[in-house]
Structures are given as structure tokens and as C-alpha cells.
Amino acid sequence: SAAFKIGDGVAEKYKLFRRANAASAAIVLKVDKDEETVVLDDEYPDMTPEDLQDELSDSAPRWILWSVKIERDDGRVQFPLLLVFFSPESCNQRQKMLYSSCTPFIAQSFDISKVHELKDLDDLTFDKLKQFHAANVTR
């Protein structure tokens, strides 16, 4: 299997992002054209999942690190970090395999135990992120 590495600056960007406790923010990562390095595609310090749908290509796989503000029934507020692997049906098989094979490495690099896969950009909604978070908590 390919040996992946995290590109320069991505870890630092992640640390700042993690500390920000943003109500709705995302870092989008992709595999660089060398097919070995994971690099920052873009960052969205204040954007709803619904708005991010318009920014992403519906034919290119991406990893999306989400920070969301979730208010619990007991009044507590959490800022979970969710890892979403967007793997559209329409992207080519080779790209799909490349991204799939790298996904565990991404999760490990950012110390995230659960990866949530999305195949359709229309499913990128705040409600979906809340469902993902609930799934994280109950397991």
C-alpha cells in the first residue's frame, strides 16, 4: 500500500482549527498530484454544511474535517470534530481507491476514531453532522 504523508502546514492548520471551537467550520483535504501527500484543499472558518455543498465538486473525493457546535438536551455545549469522507459515485475508480486506502491514515493522523462516509453532496447538512456525532457518542 502507498505510504502517505501529511503535507507541510496541515498539522499546524489543524491545531489552530481544533482550538477555535467554531460553531460551523471546515478544513477540506485532498491528495496532492504526487498521490502520496495529503494537502489542504481549502479552509472555511465560518460556513454551514449546506453552503459548503456549493464549494465542493460533486465528482472529486475529499476529506472534510468539521467543527460543529452541538447543544445537548441538558444544556451543555460541545464542539465535536467530525471526519467526513466524501466519496462521490461519479469519480473514477482509481481515485476512489486512492482516497479509500488513505482514509485510515487521515483518521489516525488527526486522532479521530470514526470516519463518516458521504456519497452525495446533498447529504452534507447540519442534521447529518448531528447524526454523525450521535453515532460517535453511542459507540
# chains A, B, ... in the order shown; residues from 1 in each chain; ligands from 1
$ select_by_dssp --residues "chain A" --states "alpha helix (DSSP H)" --output "PyMOL selection string"
chain A and resi 10-20+49-55+93-109+126-138
$ closest_atom_pairs --of "stretch 52-98 of chain A" --to "stretch 14-37 of chain A" --cutoff "7 Å" --atoms "only C-alpha atoms" --output "JSON lines"
{"residue": "A:Arg62", "atom": "CA", "partner": "A:Lys30", "partner_atom": "CA", "distance": 5.3}
{"residue": "A:Trp63", "atom": "CA", "partner": "A:Leu29", "partner_atom": "CA", "distance": 5.1}
{"residue": "A:Ile64", "atom": "CA", "partner": "A:Val28", "partner_atom": "CA", "distance": 4.6}
{"residue": "A:Leu65", "atom": "CA", "partner": "A:Ile27", "partner_atom": "CA", "distance": 5.1}
{"residue": "A:Trp66", "atom": "CA", "partner": "A:Ala26", "partner_atom": "CA", "distance": 4.6}
{"residue": "A:Ser67", "atom": "CA", "partner": "A:Ala25", "partner_atom": "CA", "distance": 5.3}
{"residue": "A:Val68", "atom": "CA", "partner": "A:Ser24", "partner_atom": "CA", "distance": 4.6}
{"residue": "A:Lys69", "atom": "CA", "partner": "A:Ala23", "partner_atom": "CA", "distance": 4.4}
{"residue": "A:Phe79", "atom": "CA", "partner": "A:Asn21", "partner_atom": "CA", "distance": 5.8}
$ closest_residue --among "A:Val137, A:Gln131, A:Arg72, A:Phe110" --to "A:Lys13" --atoms "only C-alpha atoms"
A:Phe110
$ closest_residue --among "A:Phe4, A:Asp42, A:Lys128, A:Leu121" --to "A:Leu98" --atoms "only C-alpha atoms"
A:Phe4
$ closest_atom_pairs --of "stretch 16-109 of chain A" --to "stretch 115-120 of chain A" --cutoff "9 Å" --atoms "only C-alpha atoms" --output "JSON lines"
{"residue": "A:Asp58", "atom": "CA", "partner": "A:Asp120", "partner_atom": "CA", "distance": 7.6}
{"residue": "A:Leu82", "atom": "CA", "partner": "A:Val115", "partner_atom": "CA", "distance": 7.6}
{"residue": "A:Leu83", "atom": "CA", "partner": "A:Val115", "partner_atom": "CA", "distance": 5.3}
{"residue": "A:Val84", "atom": "CA", "partner": "A:His116", "partner_atom": "CA", "distance": 4.7}
{"residue": "A:Phe85", "atom": "CA", "partner": "A:Glu117", "partner_atom": "CA", "distance": 4.7}
{"residue": "A:Phe86", "atom": "CA", "partner": "A:Leu118", "partner_atom": "CA", "distance": 4.8}
{"residue": "A:Ser87", "atom": "CA", "partner": "A:Lys119", "partner_atom": "CA", "distance": 5.1}
{"residue": "A:Pro88", "atom": "CA", "partner": "A:Lys119", "partner_atom": "CA", "distance": 4.6}
{"residue": "A:Glu89", "atom": "CA", "partner": "A:Lys119", "partner_atom": "CA", "distance": 6.2}
{"residue": "A:Thr103", "atom": "CA", "partner": "A:Val115", "partner_atom": "CA", "distance": 8.0}
{"residue": "A:Pro104", "atom": "CA", "partner": "A:Val115", "partner_atom": "CA", "distance": 8.2}
{"residue": "A:Ala107", "atom": "CA", "partner": "A:Val115", "partner_atom": "CA", "distance": 6.9}
$ select_by_dssp --residues "chain A" --states "strand (DSSP E or B)" --output "ChimeraX atom specification"
/A:5-6,24-31,37-44,62-68,70-71,77-78,81-86,115-118
$ write_last_selection --atoms "C-alpha atoms" --output "CSV table (one decimal), in the first residue's frame"
chain,number,residue,atom,x,y,z
A,5,LYS,CA,2.3,11.7,4.4
A,6,ILE,CA,0.6,14.9,5.7
A,24,SER,CA,-19.6,25.6,11.9
A,25,ALA,CA,-16.2,25.4,10.2
A,26,ALA,CA,-14.4,23.0,7.9
A,27,ILE,CA,-11.0,22.1,6.6
A,28,VAL,CA,-11.0,20.3,3.3
A,29,LEU,CA,-8.2,18.0,2.5
A,30,LYS,CA,-7.2,16.2,-0.7
A,31,VAL,CA,-4.4,14.0,-2.1
A,37,THR,CA,0.8,13.7,0.2
A,38,VAL,CA,-2.3,14.9,1.9
A,39,VAL,CA,-2.7,18.7,1.4
A,40,LEU,CA,-5.1,21.4,2.3
A,41,ASP,CA,-7.6,22.0,-0.4
A,42,ASP,CA,-9.3,24.9,1.3
A,43,GLU,CA,-10.5,26.1,4.7
A,44,TYR,CA,-13.8,27.5,5.6
A,62,ARG,CA,-12.3,14.9,-0.4
A,63,TRP,CA,-11.9,14.6,3.4
A,64,ILE,CA,-13.7,17.2,5.4
A,65,LEU,CA,-12.8,17.9,9.0
A,66,TRP,CA,-15.8,19.6,10.6
A,67,SER,CA,-16.1,21.5,13.8
A,68,VAL,CA,-19.7,21.9,14.8
A,70,ILE,CA,-23.9,21.0,19.2
A,71,GLU,CA,-26.2,21.9,22.1
A,77,VAL,CA,-22.5,22.7,24.5
A,78,GLN,CA,-20.0,20.6,22.6
A,81,LEU,CA,-14.7,17.3,15.4
A,82,LEU,CA,-16.0,15.0,12.7
A,83,LEU,CA,-14.2,13.5,9.8
A,84,VAL,CA,-16.3,13.1,6.7
A,85,PHE,CA,-15.0,11.2,3.7
A,86,PHE,CA,-16.8,12.4,0.6
A,115,VAL,CA,-14.9,8.2,9.7
A,116,HIS,CA,-18.3,9.1,8.2
A,117,GLU,CA,-18.7,8.4,4.5
A,118,LEU,CA,-20.9,10.5,2.3
$ atom_distance --atom1 "atom CA of A:Cys91" --atom2 "atom CA of A:Ser59"
5.0 Å
$ atom_distance --atom1 "atom CA of A:Lys114" --atom2 "atom CA of A:Ser101"
15.1 Å
$ decode --residues "stretch 47-85 of chain A" --atoms "N, CA and C atoms" --output "PDB file, in the first residue's frame"
ATOM      1  N   MET A  47     -18.751  28.459   7.920  1.00  0.00           N
ATOM      2  CA  MET A  47     -19.601  28.066   6.801  1.00  0.00           C
ATOM      3  C   MET A  47     -20.508  26.924   7.203  1.00  0.00           C
ATOM      4  N   THR A  48     -21.750  26.990   6.772  1.00  0.00           N
ATOM      5  CA  THR A  48     -22.670  25.887   7.066  1.00  0.00           C
ATOM      6  C   THR A  48     -22.368  24.733   6.122  1.00  0.00           C
ATOM      7  N   PRO A  49     -22.722  23.517   6.536  1.00  0.00           N
ATOM      8  CA  PRO A  49     -22.533  22.371   5.635  1.00  0.00           C
ATOM      9  C   PRO A  49     -23.285  22.577   4.326  1.00  0.00           C
ATOM     10  N   GLU A  50     -24.469  23.169   4.441  1.00  0.00           N
ATOM     11  CA  GLU A  50     -25.284  23.395   3.246  1.00  0.00           C
ATOM     12  C   GLU A  50     -24.574  24.327   2.252  1.00  0.00           C
ATOM     13  N   ASP A  51     -23.896  25.360   2.775  1.00  0.00           N
ATOM     14  CA  ASP A  51     -23.156  26.268   1.892  1.00  0.00           C
ATOM     15  C   ASP A  51     -21.909  25.611   1.307  1.00  0.00           C
ATOM     16  N   LEU A  52     -21.325  24.707   2.075  1.00  0.00           N
ATOM     17  CA  LEU A  52     -20.119  24.031   1.588  1.00  0.00           C
ATOM     18  C   LEU A  52     -20.434  23.152   0.372  1.00  0.00           C
ATOM     19  N   GLN A  53     -21.667  22.677   0.303  1.00  0.00           N
ATOM     20  CA  GLN A  53     -22.079  21.876  -0.862  1.00  0.00           C
ATOM     21  C   GLN A  53     -21.757  22.616  -2.159  1.00  0.00           C
ATOM     22  N   ASP A  54     -21.964  23.942  -2.147  1.00  0.00           N
ATOM     23  CA  ASP A  54     -21.752  24.747  -3.362  1.00  0.00           C
ATOM     24  C   ASP A  54     -20.278  24.937  -3.682  1.00  0.00           C
ATOM     25  N   GLU A  55     -19.417  24.755  -2.674  1.00  0.00           N
ATOM     26  CA  GLU A  55     -17.986  24.987  -2.871  1.00  0.00           C
ATOM     27  C   GLU A  55     -17.262  23.753  -3.399  1.00  0.00           C
ATOM     28  N   LEU A  56     -17.820  22.581  -3.108  1.00  0.00           N
ATOM     29  CA  LEU A  56     -17.139  21.338  -3.464  1.00  0.00           C
ATOM     30  C   LEU A  56     -17.581  20.815  -4.827  1.00  0.00           C
ATOM     31  N   SER A  57     -16.673  20.128  -5.479  1.00  0.00           N
ATOM     32  CA  SER A  57     -17.029  19.462  -6.729  1.00  0.00           C
ATOM     33  C   SER A  57     -17.759  18.171  -6.389  1.00  0.00           C
ATOM     34  N   ASP A  58     -18.832  17.888  -7.111  1.00  0.00           N
ATOM     35  CA  ASP A  58     -19.565  16.660  -6.793  1.00  0.00           C
ATOM     36  C   ASP A  58     -18.960  15.436  -7.477  1.00  0.00           C
ATOM     37  N   SER A  59     -17.775  15.606  -8.085  1.00  0.00           N
ATOM     38  CA  SER A  59     -17.143  14.444  -8.710  1.00  0.00           C
ATOM     39  C   SER A  59     -15.728  14.183  -8.184  1.00  0.00           C
ATOM     40  N   ALA A  60     -15.299  14.950  -7.182  1.00  0.00           N
ATOM     41  CA  ALA A  60     -13.939  14.766  -6.653  1.00  0.00           C
ATOM     42  C   ALA A  60     -13.995  14.366  -5.179  1.00  0.00           C
ATOM     43  N   PRO A  61     -13.342  13.263  -4.818  1.00  0.00           N
ATOM     44  CA  PRO A  61     -13.343  12.865  -3.410  1.00  0.00           C
ATOM     45  C   PRO A  61     -12.572  13.864  -2.550  1.00  0.00           C
ATOM     46  N   ARG A  62     -12.997  14.016  -1.312  1.00  0.00           N
ATOM     47  CA  ARG A  62     -12.319  14.918  -0.377  1.00  0.00           C
ATOM     48  C   ARG A  62     -12.540  14.400   1.037  1.00  0.00           C
ATOM     49  N   TRP A  63     -11.661  14.828   1.931  1.00  0.00           N
ATOM     50  CA  TRP A  63     -11.912  14.630   3.356  1.00  0.00           C
ATOM     51  C   TRP A  63     -12.281  15.975   3.929  1.00  0.00           C
ATOM     52  N   ILE A  64     -13.291  15.979   4.769  1.00  0.00           N
ATOM     53  CA  ILE A  64     -13.736  17.228   5.384  1.00  0.00           C
ATOM     54  C   ILE A  64     -13.664  17.062   6.893  1.00  0.00           C
ATOM     55  N   LEU A  65     -12.844  17.901   7.519  1.00  0.00           N
ATOM     56  CA  LEU A  65     -12.798  17.945   8.975  1.00  0.00           C
ATOM     57  C   LEU A  65     -13.766  19.030   9.407  1.00  0.00           C
ATOM     58  N   TRP A  66     -14.761  18.642  10.189  1.00  0.00           N
ATOM     59  CA  TRP A  66     -15.803  19.583  10.611  1.00  0.00           C
ATOM     60  C   TRP A  66     -15.711  19.876  12.081  1.00  0.00           C
ATOM     61  N   SER A  67     -15.821  21.130  12.414  1.00  0.00           N
ATOM     62  CA  SER A  67     -16.062  21.524  13.795  1.00  0.00           C
ATOM     63  C   SER A  67     -17.487  22.055  13.827  1.00  0.00           C
ATOM     64  N   VAL A  68     -18.316  21.481  14.694  1.00  0.00           N
ATOM     65  CA  VAL A  68     -19.698  21.939  14.789  1.00  0.00           C
ATOM     66  C   VAL A  68     -20.064  22.184  16.248  1.00  0.00           C
ATOM     67  N   LYS A  69     -20.942  23.146  16.438  1.00  0.00           N
ATOM     68  CA  LYS A  69     -21.432  23.415  17.784  1.00  0.00           C
ATOM     69  C   LYS A  69     -22.729  22.638  17.972  1.00  0.00           C
ATOM     70  N   ILE A  70     -22.748  21.792  18.983  1.00  0.00           N
ATOM     71  CA  ILE A  70     -23.939  20.999  19.246  1.00  0.00           C
ATOM     72  C   ILE A  70     -24.391  21.251  20.680  1.00  0.00           C
ATOM     73  N   GLU A  71     -25.630  21.709  20.804  1.00  0.00           N
ATOM     74  CA  GLU A  71     -26.183  21.943  22.136  1.00  0.00           C
ATOM     75  C   GLU A  71     -26.972  20.710  22.540  1.00  0.00           C
ATOM     76  N   ARG A  72     -26.617  20.160  23.683  1.00  0.00           N
ATOM     77  CA  ARG A  72     -27.273  18.941  24.153  1.00  0.00           C
ATOM     78  C   ARG A  72     -28.554  19.283  24.901  1.00  0.00           C
ATOM     79  N   ASP A  73     -29.368  18.252  25.088  1.00  0.00           N
ATOM     80  CA  ASP A  73     -30.647  18.445  25.778  1.00  0.00           C
ATOM     81  C   ASP A  73     -30.452  18.984  27.192  1.00  0.00           C
ATOM     82  N   ASP A  74     -29.332  18.614  27.813  1.00  0.00           N
ATOM     83  CA  ASP A  74     -29.097  19.065  29.192  1.00  0.00           C
ATOM     84  C   ASP A  74     -28.456  20.461  29.259  1.00  0.00           C
ATOM     85  N   GLY A  75     -28.374  21.115  28.097  1.00  0.00           N
ATOM     86  CA  GLY A  75     -27.859  22.480  28.082  1.00  0.00           C
ATOM     87  C   GLY A  75     -26.363  22.594  27.839  1.00  0.00           C
ATOM     88  N   ARG A  76     -25.660  21.467  27.904  1.00  0.00           N
ATOM     89  CA  ARG A  76     -24.220  21.528  27.655  1.00  0.00           C
ATOM     90  C   ARG A  76     -23.949  21.749  26.173  1.00  0.00           C
ATOM     91  N   VAL A  77     -22.848  22.430  25.907  1.00  0.00           N
ATOM     92  CA  VAL A  77     -22.470  22.702  24.520  1.00  0.00           C
ATOM     93  C   VAL A  77     -21.188  21.945  24.207  1.00  0.00           C
ATOM     94  N   GLN A  78     -21.164  21.296  23.066  1.00  0.00           N
ATOM     95  CA  GLN A  78     -19.977  20.567  22.632  1.00  0.00           C
ATOM     96  C   GLN A  78     -19.541  21.064  21.264  1.00  0.00           C
ATOM     97  N   PHE A  79     -18.255  20.926  21.002  1.00  0.00           N
ATOM     98  CA  PHE A  79     -17.710  21.262  19.679  1.00  0.00           C
ATOM     99  C   PHE A  79     -16.981  20.037  19.139  1.00  0.00           C
ATOM    100  N   PRO A  80     -17.739  19.016  18.744  1.00  0.00           N
ATOM    101  CA  PRO A  80     -17.076  17.804  18.259  1.00  0.00           C
ATOM    102  C   PRO A  80     -16.374  18.047  16.928  1.00  0.00           C
ATOM    103  N   LEU A  81     -15.365  17.256  16.705  1.00  0.00           N
ATOM    104  CA  LEU A  81     -14.662  17.286  15.428  1.00  0.00           C
ATOM    105  C   LEU A  81     -15.047  16.019  14.690  1.00  0.00           C
ATOM    106  N   LEU A  82     -15.570  16.186  13.495  1.00  0.00           N
ATOM    107  CA  LEU A  82     -16.034  15.043  12.713  1.00  0.00           C
ATOM    108  C   LEU A  82     -15.208  14.920  11.443  1.00  0.00           C
ATOM    109  N   LEU A  83     -14.899  13.698  11.086  1.00  0.00           N
ATOM    110  CA  LEU A  83     -14.192  13.463   9.835  1.00  0.00           C
ATOM    111  C   LEU A  83     -15.162  12.855   8.833  1.00  0.00           C
ATOM    112  N   VAL A  84     -15.408  13.596   7.771  1.00  0.00           N
ATOM    113  CA  VAL A  84     -16.313  13.132   6.716  1.00  0.00           C
ATOM    114  C   VAL A  84     -15.474  12.804   5.475  1.00  0.00           C
ATOM    115  N   PHE A  85     -15.677  11.611   4.967  1.00  0.00           N
ATOM    116  CA  PHE A  85     -15.014  11.206   3.730  1.00  0.00           C
ATOM    117  C   PHE A  85     -16.048  11.292   2.623  1.00  0.00           C
TER     118      PHE A  85
END
